[in-house]
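Have a look at target.cif; it's mmCIF, C-alpha atoms and all ligand atoms:
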data_final
loop_
_atom_site.label_atom_id
_atom_site.label_comp_id
_atom_site.auth_asym_id
_atom_site.auth_seq_id
_atom_site.Cartn_x
_atom_site.Cartn_y
_atom_site.Cartn_z
CA MET B 1 -14.31 -13.27 -60.64
CA ASP B 2 -12.94 -11.06 -57.85
CA MET B 3 -10.31 -12.37 -55.48
CA LEU B 4 -8.74 -11.03 -52.32
CA LEU B 5 -4.99 -10.68 -51.81
CA ILE B 6 -3.82 -10.49 -48.22
CA GLU B 7 -0.27 -9.81 -47.15
CA GLY B 8 -0.08 -11.36 -43.70
CA GLY B 9 1.77 -10.16 -40.64
CA CYS B 10 0.13 -6.81 -39.82
CA ARG B 11 -1.10 -6.14 -36.32
CA LEU B 12 -4.65 -4.76 -36.50
CA SER B 13 -5.19 -1.58 -34.54
CA GLY B 14 -7.61 1.30 -34.52
CA GLU B 15 -11.32 1.77 -34.77
CA VAL B 16 -13.94 0.46 -37.17
CA ALA B 17 -17.72 0.88 -37.37
CA ILE B 18 -19.91 -2.23 -37.43
CA SER B 19 -22.76 -2.42 -39.96
CA GLY B 20 -26.41 -3.34 -39.50
CA ALA B 21 -27.08 -7.07 -39.13
CA LYS B 22 -27.64 -9.02 -42.34
CA ASN B 23 -29.63 -11.69 -40.54
CA ALA B 24 -31.91 -9.09 -38.94
CA ALA B 25 -32.30 -7.00 -42.09
CA LEU B 26 -33.39 -9.92 -44.29
CA PRO B 27 -36.50 -10.94 -42.28
CA ILE B 28 -37.28 -7.35 -41.36
CA LEU B 29 -37.36 -6.23 -45.00
CA CYS B 30 -39.76 -9.13 -45.68
CA ALA B 31 -42.03 -7.81 -42.92
CA ALA B 32 -42.86 -4.86 -45.20
CA LEU B 33 -44.92 -7.32 -47.27
CA LEU B 34 -47.40 -7.43 -44.40
CA THR B 35 -48.69 -3.89 -44.95
CA ALA B 36 -49.76 -1.63 -47.81
CA GLU B 37 -48.24 1.38 -46.05
CA PRO B 38 -44.63 2.47 -46.52
CA VAL B 39 -42.09 1.15 -44.01
CA THR B 40 -38.65 2.72 -43.62
CA PHE B 41 -35.63 0.84 -42.37
CA THR B 42 -32.33 2.44 -41.37
CA ASN B 43 -28.87 0.96 -40.74
CA VAL B 44 -29.51 -1.53 -43.57
CA PRO B 45 -26.15 -3.00 -44.63
CA GLN B 46 -25.22 -2.69 -48.30
CA LEU B 47 -24.66 -6.32 -49.14
CA LYS B 48 -25.25 -8.65 -52.05
CA ASP B 49 -27.90 -10.61 -50.10
CA ILE B 50 -29.81 -7.40 -49.40
CA GLY B 51 -29.67 -6.48 -53.10
CA THR B 52 -31.00 -9.93 -54.00
CA LEU B 53 -33.90 -9.61 -51.56
CA LEU B 54 -34.79 -6.10 -52.78
CA ALA B 55 -34.82 -7.37 -56.39
CA LEU B 56 -37.09 -10.22 -55.29
CA LEU B 57 -39.48 -7.83 -53.53
CA ARG B 58 -39.45 -5.47 -56.53
CA GLN B 59 -40.56 -8.19 -58.94
CA MET B 60 -43.48 -8.92 -56.59
CA GLY B 61 -44.72 -5.37 -57.11
CA VAL B 62 -43.16 -3.75 -54.03
CA LYS B 63 -41.93 -0.15 -54.46
CA VAL B 64 -38.34 0.04 -53.27
CA SER B 65 -36.33 3.17 -52.63
CA VAL B 66 -32.80 3.11 -51.29
CA GLU B 67 -30.84 6.06 -49.95
CA GLY B 68 -27.55 4.95 -48.46
CA GLY B 69 -28.40 2.79 -45.46
CA ALA B 70 -32.09 3.76 -45.50
CA VAL B 71 -34.55 1.59 -47.39
CA THR B 72 -38.25 2.39 -47.83
CA LEU B 73 -40.59 -0.34 -49.03
CA GLU B 74 -44.20 0.12 -50.02
CA ALA B 75 -46.15 -3.02 -50.78
CA SER B 76 -49.47 -1.38 -51.74
CA GLY B 77 -49.07 -2.68 -55.29
CA LEU B 78 -48.06 -6.22 -54.29
CA ASN B 79 -49.43 -8.25 -57.20
CA ASN B 80 -47.13 -11.20 -57.78
CA PRO B 81 -46.70 -13.36 -54.65
CA VAL B 82 -44.06 -15.53 -56.30
CA ALA B 83 -40.39 -16.13 -55.49
CA PRO B 84 -38.76 -17.72 -58.51
CA TYR B 85 -36.02 -20.36 -58.31
CA GLU B 86 -33.48 -18.14 -60.11
CA MET B 87 -33.57 -15.73 -57.17
CA VAL B 88 -34.12 -18.13 -54.29
CA LYS B 89 -31.25 -20.42 -55.29
CA THR B 90 -28.69 -17.68 -54.68
CA MET B 91 -30.03 -16.86 -51.23
CA ARG B 92 -31.82 -19.32 -48.98
CA ALA B 93 -33.24 -16.55 -46.79
CA SER B 94 -35.69 -15.78 -49.65
CA ILE B 95 -37.91 -18.41 -47.98
CA LEU B 96 -38.70 -15.61 -45.50
CA VAL B 97 -41.21 -14.14 -47.97
CA LEU B 98 -43.41 -17.23 -47.62
CA GLY B 99 -45.09 -16.43 -44.29
CA PRO B 100 -45.77 -12.74 -45.02
CA LEU B 101 -47.10 -13.48 -48.52
CA VAL B 102 -49.58 -16.12 -47.37
CA ALA B 103 -50.72 -13.88 -44.52
CA ARG B 104 -51.21 -10.78 -46.65
CA CYS B 105 -52.25 -12.21 -50.07
CA GLY B 106 -53.79 -15.55 -49.03
CA GLU B 107 -51.48 -17.28 -51.49
CA ALA B 108 -47.82 -17.69 -52.32
CA ARG B 109 -45.57 -19.66 -54.64
CA VAL B 110 -42.01 -19.79 -53.37
CA SER B 111 -39.25 -21.92 -54.80
CA LEU B 112 -37.74 -24.53 -52.49
CA PRO B 113 -34.27 -23.26 -51.65
CA GLY B 114 -32.54 -26.60 -52.19
CA GLY B 115 -29.43 -27.72 -50.32
CA CYS B 116 -26.40 -25.56 -49.78
CA ALA B 117 -22.72 -26.01 -49.07
CA ILE B 118 -23.10 -26.37 -45.31
CA GLY B 119 -25.98 -28.85 -45.20
CA ALA B 120 -29.35 -29.99 -46.54
CA ARG B 121 -31.29 -27.25 -44.74
CA PRO B 122 -34.89 -28.33 -45.35
CA VAL B 123 -37.85 -25.99 -44.75
CA ASP B 124 -40.29 -28.63 -43.50
CA GLN B 125 -40.87 -26.77 -40.22
CA HIS B 126 -41.92 -23.60 -42.02
CA ILE B 127 -44.42 -25.66 -44.03
CA LYS B 128 -45.68 -27.63 -41.02
CA GLY B 129 -46.37 -24.39 -39.14
CA LEU B 130 -48.33 -22.80 -41.97
CA GLN B 131 -50.37 -25.99 -42.38
CA ALA B 132 -51.20 -25.93 -38.67
CA MET B 133 -52.49 -22.39 -39.23
CA GLY B 134 -54.90 -23.68 -41.85
CA ALA B 135 -52.97 -23.10 -45.09
CA GLU B 136 -53.17 -25.67 -47.81
CA VAL B 137 -49.53 -26.27 -48.68
CA THR B 138 -48.25 -28.43 -51.51
CA VAL B 139 -44.80 -28.88 -52.96
CA GLU B 140 -44.97 -29.07 -56.76
CA HIS B 141 -42.31 -28.70 -59.41
CA GLY B 142 -39.80 -27.48 -56.85
CA TYR B 143 -42.11 -24.80 -55.49
CA VAL B 144 -43.93 -24.48 -52.18
CA ARG B 145 -47.47 -23.43 -52.98
CA ALA B 146 -49.61 -22.19 -50.12
CA CYS B 147 -53.11 -20.80 -50.06
CA VAL B 148 -55.74 -19.97 -47.45
CA PRO B 149 -58.42 -17.24 -47.27
CA ARG B 150 -57.09 -16.20 -43.85
CA LEU B 151 -54.64 -17.98 -41.55
CA THR B 152 -56.01 -19.04 -38.16
CA GLY B 153 -54.02 -18.74 -34.95
CA ALA B 154 -52.69 -22.07 -33.68
CA ARG B 155 -50.34 -23.69 -31.19
CA LEU B 156 -47.12 -24.42 -33.11
CA PHE B 157 -44.21 -26.59 -32.10
CA THR B 158 -41.04 -26.94 -34.17
CA ASP B 159 -39.06 -30.20 -34.07
CA MET B 160 -35.81 -28.28 -33.74
CA VAL B 161 -34.90 -24.69 -33.01
CA THR B 162 -35.04 -22.87 -36.35
CA VAL B 163 -34.27 -19.19 -36.75
CA THR B 164 -35.89 -18.39 -40.10
CA GLY B 165 -38.66 -20.90 -39.31
CA THR B 166 -39.56 -18.96 -36.16
CA GLU B 167 -39.37 -15.68 -38.10
CA ASN B 168 -41.56 -16.89 -40.96
CA LEU B 169 -44.25 -18.20 -38.60
CA MET B 170 -44.12 -15.14 -36.35
CA MET B 171 -44.69 -12.86 -39.35
CA ALA B 172 -47.49 -15.03 -40.71
CA ALA B 173 -49.23 -15.10 -37.31
CA CYS B 174 -49.38 -11.28 -37.13
CA LEU B 175 -52.33 -11.19 -39.57
CA ALA B 176 -53.91 -14.52 -38.54
CA ASP B 177 -57.32 -14.80 -36.94
CA GLY B 178 -56.75 -15.31 -33.20
CA GLU B 179 -53.77 -16.26 -31.07
CA THR B 180 -50.70 -18.18 -32.23
CA VAL B 181 -48.22 -19.67 -29.79
CA ILE B 182 -44.82 -20.73 -31.13
CA GLU B 183 -43.18 -23.22 -28.80
CA ASN B 184 -39.50 -24.21 -29.02
CA ALA B 185 -38.99 -20.83 -30.71
CA ALA B 186 -35.49 -19.64 -31.56
CA ARG B 187 -34.23 -16.97 -29.14
CA GLU B 188 -31.74 -15.19 -31.42
CA PRO B 189 -31.48 -11.39 -30.96
CA GLU B 190 -32.48 -11.00 -34.63
CA ILE B 191 -35.87 -12.47 -33.69
CA VAL B 192 -36.29 -9.82 -31.03
CA ASP B 193 -35.33 -7.12 -33.55
CA LEU B 194 -37.93 -8.47 -36.01
CA ALA B 195 -40.57 -8.58 -33.25
CA ASN B 196 -39.76 -4.97 -32.29
CA CYS B 197 -40.25 -3.91 -35.91
CA LEU B 198 -43.53 -5.84 -36.19
CA VAL B 199 -44.79 -4.29 -32.95
CA ALA B 200 -43.93 -0.83 -34.33
CA MET B 201 -46.09 -1.80 -37.31
CA GLY B 202 -49.01 -2.60 -35.01
CA ALA B 203 -48.49 -6.31 -34.32
CA ARG B 204 -49.23 -7.77 -30.88
CA ILE B 205 -46.33 -10.01 -29.89
CA SER B 206 -44.97 -11.09 -26.53
CA GLY B 207 -42.20 -13.46 -25.53
CA ALA B 208 -39.77 -12.79 -28.41
CA GLY B 209 -36.32 -13.72 -27.14
CA THR B 210 -37.74 -16.61 -25.11
CA ASP B 211 -38.69 -20.06 -26.40
CA VAL B 212 -42.43 -19.33 -26.28
CA ILE B 213 -43.69 -16.49 -28.49
CA ARG B 214 -47.34 -15.40 -28.38
CA ILE B 215 -48.89 -13.45 -31.23
CA GLN B 216 -52.42 -12.03 -31.21
CA GLY B 217 -53.43 -11.65 -34.84
CA VAL B 218 -54.69 -8.25 -35.99
CA GLU B 219 -56.69 -7.20 -39.08
CA ARG B 220 -53.93 -5.08 -40.58
CA LEU B 221 -50.50 -3.64 -39.92
CA HIS B 222 -49.38 -0.09 -40.67
CA GLY B 223 -46.25 1.78 -41.73
CA ALA B 224 -43.35 2.40 -39.34
CA THR B 225 -39.68 3.27 -39.13
CA HIS B 226 -37.20 0.79 -37.72
CA ARG B 227 -33.44 0.80 -37.19
CA ILE B 228 -31.72 -2.55 -37.84
CA MET B 229 -29.61 -3.88 -34.93
CA PRO B 230 -25.81 -4.15 -35.24
CA ASP B 231 -24.34 -7.28 -36.82
CA ARG B 232 -23.12 -9.50 -33.99
CA ILE B 233 -21.39 -11.91 -36.39
CA GLU B 234 -19.52 -9.13 -38.19
CA THR B 235 -18.54 -7.84 -34.74
CA GLY B 236 -17.31 -11.28 -33.69
CA THR B 237 -15.39 -11.68 -36.94
CA TYR B 238 -13.43 -8.43 -36.45
CA LEU B 239 -12.77 -9.35 -32.82
CA CYS B 240 -11.26 -12.66 -33.98
CA ALA B 241 -9.25 -10.92 -36.70
CA ALA B 242 -7.80 -8.49 -34.16
CA ALA B 243 -7.15 -11.32 -31.70
CA VAL B 244 -5.08 -13.47 -34.09
CA THR B 245 -2.91 -10.53 -35.15
CA GLY B 246 -2.09 -9.60 -31.53
CA GLY B 247 -3.97 -6.38 -32.16
CA GLU B 248 -5.89 -3.76 -30.26
CA VAL B 249 -9.15 -2.52 -31.77
CA ARG B 250 -12.30 -0.64 -30.86
CA LEU B 251 -15.47 -1.60 -32.70
CA THR B 252 -18.14 1.07 -32.69
CA GLY B 253 -21.88 1.06 -33.39
CA THR B 254 -22.20 -2.39 -31.87
CA SER B 255 -23.06 -3.99 -28.57
CA ALA B 256 -21.61 -6.75 -26.47
CA ALA B 257 -25.11 -7.58 -25.25
CA TYR B 258 -25.61 -10.39 -27.79
CA LEU B 259 -22.07 -11.67 -27.80
CA ASP B 260 -21.62 -13.22 -24.35
CA ALA B 261 -20.64 -16.66 -25.64
CA VAL B 262 -18.18 -15.24 -28.16
CA ILE B 263 -16.60 -12.72 -25.79
CA ASP B 264 -16.28 -15.43 -23.13
CA LYS B 265 -14.22 -17.55 -25.53
CA LEU B 266 -12.05 -14.60 -26.55
CA MET B 267 -11.32 -13.96 -22.87
CA ASP B 268 -10.54 -17.65 -22.35
CA ALA B 269 -8.11 -17.30 -25.25
CA GLY B 270 -6.34 -14.56 -23.30
CA CYS B 271 -7.83 -11.39 -24.79
CA GLU B 272 -8.84 -8.41 -22.72
CA VAL B 273 -12.31 -7.27 -23.72
CA VAL B 274 -13.85 -4.05 -22.44
CA THR B 275 -17.44 -3.28 -23.28
CA GLU B 276 -18.78 0.23 -23.59
CA ARG B 277 -22.36 1.29 -24.25
CA ASP B 278 -22.13 1.16 -28.04
CA ALA B 279 -18.62 -0.15 -28.56
CA ILE B 280 -16.29 -3.03 -27.72
CA ARG B 281 -12.54 -2.82 -27.18
CA LEU B 282 -10.25 -5.81 -27.50
CA THR B 283 -6.59 -6.14 -26.67
CA ALA B 284 -4.96 -9.41 -27.69
CA PRO B 285 -2.16 -11.21 -25.86
CA GLU B 286 1.14 -12.05 -27.55
CA ARG B 287 0.02 -15.66 -28.09
CA LEU B 288 -3.57 -16.89 -27.84
CA GLN B 289 -4.58 -19.97 -25.86
CA ALA B 290 -6.58 -22.70 -27.64
CA VAL B 291 -10.31 -22.70 -26.78
CA ASN B 292 -12.76 -25.60 -27.03
CA LEU B 293 -16.24 -24.84 -28.30
CA ARG B 294 -19.53 -26.39 -29.23
CA THR B 295 -22.06 -24.62 -31.45
CA SER B 296 -25.72 -24.45 -30.32
CA PRO B 297 -28.72 -22.18 -30.75
CA TYR B 298 -28.58 -18.76 -29.04
CA PRO B 299 -27.59 -17.91 -26.34
CA ALA B 300 -24.90 -20.58 -26.73
CA PHE B 301 -21.97 -20.30 -29.13
CA PRO B 302 -23.18 -19.42 -32.68
CA THR B 303 -22.47 -21.72 -35.62
CA ASP B 304 -21.84 -18.56 -37.66
CA MET B 305 -18.68 -17.93 -35.56
CA GLN B 306 -17.34 -21.49 -35.66
CA ALA B 307 -15.12 -21.06 -38.74
CA GLN B 308 -13.55 -17.84 -37.44
CA PHE B 309 -12.67 -19.53 -34.14
CA MET B 310 -11.17 -22.45 -36.02
CA ALA B 311 -8.81 -19.98 -37.72
CA LEU B 312 -8.00 -18.50 -34.31
CA ASN B 313 -7.24 -21.92 -32.85
CA CYS B 314 -4.93 -22.72 -35.78
CA VAL B 315 -2.30 -20.38 -34.33
CA ALA B 316 -3.13 -20.64 -30.62
CA SER B 317 -1.03 -22.44 -28.05
CA GLY B 318 -2.49 -25.89 -27.33
CA VAL B 319 -5.16 -28.15 -28.78
CA ALA B 320 -8.81 -27.19 -29.30
CA MET B 321 -11.84 -29.38 -29.82
CA ILE B 322 -14.62 -27.83 -31.93
CA ARG B 323 -18.04 -29.48 -32.17
CA GLU B 324 -20.56 -28.34 -34.77
CA THR B 325 -24.09 -29.37 -33.81
CA ILE B 326 -26.26 -27.21 -36.11
CA PHE B 327 -25.16 -27.99 -39.68
CA GLU B 328 -23.90 -31.35 -40.89
CA ASN B 329 -21.26 -30.11 -43.32
CA ARG B 330 -19.77 -26.98 -41.87
CA PHE B 331 -16.08 -27.82 -41.78
CA MET B 332 -15.23 -27.12 -45.39
CA HIS B 333 -12.88 -24.33 -44.40
CA ALA B 334 -10.71 -26.91 -42.60
CA VAL B 335 -9.13 -28.26 -45.81
CA GLU B 336 -8.45 -24.73 -47.02
CA LEU B 337 -6.89 -23.81 -43.65
CA GLN B 338 -4.73 -26.93 -43.97
CA ARG B 339 -3.40 -25.49 -47.23
CA LEU B 340 -2.09 -22.62 -45.12
CA GLY B 341 -0.30 -25.08 -42.83
CA ALA B 342 -2.95 -25.61 -40.13
CA ASP B 343 -3.00 -28.87 -38.17
CA ILE B 344 -6.67 -29.93 -38.14
CA ARG B 345 -8.24 -33.39 -37.88
CA ILE B 346 -11.93 -33.87 -38.60
CA ASP B 347 -13.96 -36.72 -37.18
CA GLY B 348 -17.67 -36.42 -37.97
CA ASN B 349 -18.93 -33.24 -36.37
CA THR B 350 -15.76 -32.72 -34.33
CA ALA B 351 -12.60 -30.93 -35.38
CA VAL B 352 -9.39 -31.18 -33.40
CA VAL B 353 -7.15 -28.20 -34.02
CA LYS B 354 -3.55 -28.23 -32.84
CA GLY B 355 -2.09 -24.75 -32.83
CA VAL B 356 1.03 -24.15 -34.93
CA GLU B 357 3.56 -21.32 -34.55
CA ARG B 358 3.01 -19.94 -38.04
CA LEU B 359 0.79 -20.31 -41.08
CA GLN B 360 2.05 -19.82 -44.62
CA GLY B 361 0.26 -17.83 -47.30
CA ALA B 362 -1.19 -19.83 -50.20
CA GLY B 363 -4.02 -19.81 -52.72
CA VAL B 364 -7.33 -20.88 -51.14
CA MET B 365 -10.95 -21.10 -52.15
CA ALA B 366 -13.89 -19.60 -50.25
CA THR B 367 -16.73 -22.13 -49.91
CA ASP B 368 -19.40 -20.30 -47.95
CA LEU B 369 -19.86 -16.99 -46.20
CA ARG B 370 -18.37 -17.66 -42.77
CA ALA B 371 -15.80 -20.12 -44.14
CA SER B 372 -14.53 -17.23 -46.25
CA ALA B 373 -14.21 -15.07 -43.15
CA SER B 374 -12.04 -17.74 -41.52
CA LEU B 375 -9.71 -17.71 -44.53
CA VAL B 376 -9.38 -13.93 -44.32
CA ILE B 377 -8.49 -14.21 -40.62
CA ALA B 378 -5.93 -16.93 -41.33
CA GLY B 379 -4.50 -14.87 -44.22
CA LEU B 380 -3.94 -11.95 -41.87
CA ILE B 381 -1.41 -13.94 -39.83
CA ALA B 382 0.04 -16.18 -42.54
CA ASP B 383 3.58 -15.47 -43.74
CA GLY B 384 3.58 -13.95 -47.19
CA GLU B 385 0.62 -13.65 -49.50
CA THR B 386 -2.76 -15.43 -49.30
CA ARG B 387 -4.98 -15.34 -52.35
CA ILE B 388 -8.67 -16.05 -51.66
CA GLU B 389 -10.83 -16.96 -54.63
CA ARG B 390 -14.63 -16.98 -54.90
CA ILE B 391 -15.04 -14.03 -52.58
CA TYR B 392 -18.57 -13.43 -53.81
CA HIS B 393 -19.44 -15.41 -50.67
CA LEU B 394 -17.87 -12.64 -48.57
CA ASP B 395 -19.75 -9.95 -50.47
CA ARG B 396 -23.00 -11.64 -49.47
CA GLY B 397 -22.45 -10.83 -45.80
CA TYR B 398 -19.58 -8.41 -45.06
CA GLU B 399 -20.02 -4.76 -45.95
CA ARG B 400 -16.85 -3.09 -47.35
CA LEU B 401 -14.67 -5.81 -45.82
CA GLU B 402 -11.34 -4.86 -47.38
CA GLU B 403 -11.92 -1.16 -46.68
CA LYS B 404 -12.63 -1.85 -43.00
CA LEU B 405 -9.64 -4.19 -42.64
CA ALA B 406 -7.38 -1.70 -44.37
CA ALA B 407 -8.56 1.00 -41.94
CA LEU B 408 -7.26 -1.26 -39.14
CA GLY B 409 -3.90 -1.57 -40.85
CA ALA B 410 -4.28 -4.82 -42.81
CA ARG B 411 -2.62 -5.11 -46.21
CA VAL B 412 -5.50 -6.38 -48.28
CA ARG B 413 -6.68 -5.67 -51.79
CA ARG B 414 -9.26 -6.92 -54.24
CA LEU B 415 -8.33 -8.08 -57.69
CA ASN B 416 -10.86 -8.31 -60.50
C1 LIG M 501 -30.19 -18.93 -39.74
C2 LIG M 501 -29.18 -17.90 -40.16
C3 LIG M 501 -27.82 -18.56 -40.39
C4 LIG M 501 -27.40 -19.36 -39.17
C5 LIG M 501 -28.53 -20.32 -38.73
C6 LIG M 501 -28.23 -21.01 -37.42
C7 LIG M 501 -30.50 -16.21 -41.30
C8 LIG M 501 -30.88 -15.55 -42.57
N1 LIG M 501 -29.64 -17.25 -41.37
O1 LIG M 501 -30.32 -19.84 -40.82
O2 LIG M 501 -26.86 -17.54 -40.66
O3 LIG M 501 -26.26 -20.12 -39.48
O4 LIG M 501 -29.76 -19.59 -38.57
O5 LIG M 501 -28.00 -20.09 -36.42
O6 LIG M 501 -30.91 -15.79 -40.24
N2 LIG M 501 -34.01 -27.22 -40.09
C9 LIG M 501 -34.83 -28.25 -40.52
N3 LIG M 501 -36.08 -27.93 -41.01
C10 LIG M 501 -36.54 -26.65 -41.09
C11 LIG M 501 -35.70 -25.61 -40.64
C12 LIG M 501 -34.44 -25.92 -40.13
O7 LIG M 501 -34.44 -29.41 -40.48
O8 LIG M 501 -37.68 -26.44 -41.56
C13 LIG M 501 -32.66 -27.52 -39.53
C14 LIG M 501 -31.52 -26.99 -40.40
O9 LIG M 501 -31.20 -27.87 -41.47
C15 LIG M 501 -30.41 -26.84 -39.38
C16 LIG M 501 -31.17 -26.44 -38.10
O10 LIG M 501 -32.52 -26.83 -38.30
O11 LIG M 501 -29.77 -28.07 -39.17
C17 LIG M 501 -31.14 -24.96 -37.78
O12 LIG M 501 -31.43 -24.23 -38.96
P1 LIG M 501 -32.11 -22.80 -38.95
O13 LIG M 501 -32.06 -22.19 -37.60
O14 LIG M 501 -33.44 -22.90 -39.61
O15 LIG M 501 -31.13 -21.98 -39.92
P2 LIG M 501 -31.59 -20.83 -40.88
O16 LIG M 501 -32.76 -20.14 -40.26
O17 LIG M 501 -31.69 -21.33 -42.27
#
Step by step, read the file and then write its structure as structure tokens.
Ligand code: UD1
Amino acid sequence: MDMLLIEGGCRLSGEVAISGAKNAALPILCAALLTAEPVTFTNVPQLKDIGTLLALLRQMGVKVSVEGGAVTLEASGLNNPVAPYEMVKTMRASILVLGPLVARCGEARVSLPGGCAIGARPVDQHIKGLQAMGAEVTVEHGYVRACVPRLTGARLFTDMVTVTGTENLMMAACLADGETVIENAAREPEIVDLANCLVAMGARISGAGTDVIRIQGVERLHGATHRIMPDRIETGTYLCAAAVTGGEVRLTGTSAAYLDAVIDKLMDAGCEVVTERDAIRLTAPERLQAVNLRTSPYPAFPTDMQAQFMALNCVASGVAMIRETIFENRFMHAVELQRLGADIRIDGNTAVVKGVERLQGAGVMATDLRASASLVIAGLIADGETRIERIYHLDRGYERLEEKLAALGARVRRLN
């Protein structure tokens, strides 16, 4: 299994290009299931999760062609509306095929994703929404089975704000008979990107980006071309990495528009952040100040940036309180950071991080995608060498990570 070796102590500087957003690309690729015509997506990041999804779509009968960052999908031969456990278990986002399959084929059999490292993550809201739209949904032998001749528009309300839940229901509603209203919808920018793609395919959607989304169902959708938005979490991760090393970087091909909460915290920590049209510049102070944070649905501080900010607080001046309100088990990086000398106390969903002057390199284990990113950030400022095992988590969500870090001056290499 690959591991990452980081020699800490380099100040990051220079320019790096941000990739397309994983969490936008995954639902948007699934949207191609809604039409028989070819749909082309550009700025698709080359990631393990994307490869997994394309393999899943291929075994359903979708024609897939990939040319660098451009992916064309043609679902005219869609003949197997099934997502098997073997594929779904490695990537929970596979549940995003459920809504489009039921809408287009009138049936679907999708494995339940099961729990994952950061929490139980049920999909009851996805199921409840499809049932409200008239689908008969059963859970048998670990699979969600849904069938309905045609979905009917309905008024949907989710018990909590769910990102993929909103996306699944929004896609399903595009081909339903009549109007669907999703209340308590997630407002993440990736939902707006998905809605823009669906509209380009002929869907009638309003309100994406607010907590009430209205979809007028249409008979069919058509082909389109769509460019995937920049990855705001990758952007935030490189900003944190630059910040902890006292660096100065310019991130291109990205936008500060979706990063208010993150940039606010970086400024509170003492960084200077300048936003350009398609780029962000950050200059870090000599020593960062500790910053408190609480994760919440967009537009508040994202749970996917919590681990990276914990790493930042480990070496900041002062004490930070971090509250995680989205996932029940998302502090697993804390024990690994402690191995590097961090002073962290966990009490339920709260972590208290007391900044130390220095971290020390050590062997650590990646536990999930963003946890891994926090270990990379900590490794960049730890004295000596940090060895990160199980980096397949990183490969799921960060395109060419070591290459990009090396371009900024980090001493990092991958060992097989
Ligand atoms: C998405 C993101 C993930 C991010 C998360 C929160 C993708 C592919 N993944 O995950 O990176 O960390 O949003 O911003 O976009 N819940 C239920 N029942 C449901 C659905 C959700 O109880 O049917 C709960 C979850 O367990 C969690 C909370 O709702 O506690 C929010 O989860 P959700 O927004 O659905 O996360 P994902 O869409 O899986």
Atomic separation - atom CA of B:Glu328 relative to atom O5 of ligand LIG 501 (chain M), Å: 12.8 Å
Contacts with ligand LIG 501 (chain M) at most 9 Å, all atoms listed in the file counted, listed as a ChimeraX atom specification: /B:22-27,91-96,119-128,158-167,186,188,190-191,233,295-298,302-305,325-328,369-370
Nearby residues (all atoms listed in the file) at most 6 Å from B:Leu34, same-chain spacing under 3 positions excluded, as a PyMOL selection string: chain B and resi 31+100+104
Surrounding residues of B:Ala83 excluding itself and chain neighbours under 2 positions, 9 Å, all atoms listed in the file, as a PyMOL selection string: chain B and resi 56-57+59-60+80-81+85-88+94-95+97-98+108-111+143
Spatial neighbours of stretch 46-52 of chain B, 6 Å, all atoms listed in the file, chain gap at least 4 places, as a count of residues only: 3
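For the pair atom CA of B:Glu248 and atom CA of B:Arg277, the separation is 18.2 Å.
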Long-range neighbours of B:Asp231 as a PDB file with C-alpha atoms, in the frame of the given file, 10 Å cut-off, all atoms listed in the file, 2 positions minimum in chain:
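out_19.pdb written:
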ATOM      1  CA  ILE B  18     -19.910  -2.230 -37.430  1.00  0.00           C
ATOM      2  CA  SER B  19     -22.760  -2.420 -39.960  1.00  0.00           C
ATOM      3  CA  GLY B  20     -26.410  -3.340 -39.500  1.00  0.00           C
ATOM      4  CA  ALA B  21     -27.080  -7.070 -39.130  1.00  0.00           C
ATOM      5  CA  LYS B  22     -27.640  -9.020 -42.340  1.00  0.00           C
ATOM      6  CA  ASN B  23     -29.630 -11.690 -40.540  1.00  0.00           C
ATOM      7  CA  ALA B  24     -31.910  -9.090 -38.940  1.00  0.00           C
ATOM      8  CA  ALA B  25     -32.300  -7.000 -42.090  1.00  0.00           C
ATOM      9  CA  PRO B  45     -26.150  -3.000 -44.630  1.00  0.00           C
ATOM     10  CA  GLU B 190     -32.480 -11.000 -34.630  1.00  0.00           C
ATOM     11  CA  ILE B 228     -31.720  -2.550 -37.840  1.00  0.00           C
ATOM     12  CA  MET B 229     -29.610  -3.880 -34.930  1.00  0.00           C
ATOM     13  CA  ILE B 233     -21.390 -11.910 -36.390  1.00  0.00           C
ATOM     14  CA  GLU B 234     -19.520  -9.130 -38.190  1.00  0.00           C
ATOM     15  CA  THR B 235     -18.540  -7.840 -34.740  1.00  0.00           C
ATOM     16  CA  GLY B 236     -17.310 -11.280 -33.690  1.00  0.00           C
ATOM     17  CA  THR B 237     -15.390 -11.680 -36.940  1.00  0.00           C
ATOM     18  CA  GLY B 253     -21.880   1.060 -33.390  1.00  0.00           C
ATOM     19  CA  THR B 254     -22.200  -2.390 -31.870  1.00  0.00           C
ATOM     20  CA  SER B 255     -23.060  -3.990 -28.570  1.00  0.00           C
ATOM     21  CA  TYR B 258     -25.610 -10.390 -27.790  1.00  0.00           C
ATOM     22  CA  GLY B 397     -22.450 -10.830 -45.800  1.00  0.00           C
ATOM     23  CA  TYR B 398     -19.580  -8.410 -45.060  1.00  0.00           C
TER      24      TYR B 398
END
Gap from atom CA of B:Ala362 to atom CA of B:Leu251 - Å, one decimal: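 Taking atom CA of B:Ala362 as the start and atom CA of B:Leu251 as the end point, the length is 29.0 Å.
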What are the centre and edge lengths in Å, to one decimal, of the axis-aligned box around all listed atoms of stretch 77-80 of chain B with 3 Å added on each side, as lines of an AutoDock Vina configuration file?
center_x = -48.3
center_y = -6.9
center_z = -56.0
size_x = 8.3
size_y = 14.5
size_z = 9.5
Selected residue of minimal separation from B:Arg232 among B:Val212, B:Ile280, B:Val199, B:Leu288, counting all atoms listed in the file: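 Closest residue, counting all atoms listed in the file: B:Ile280.
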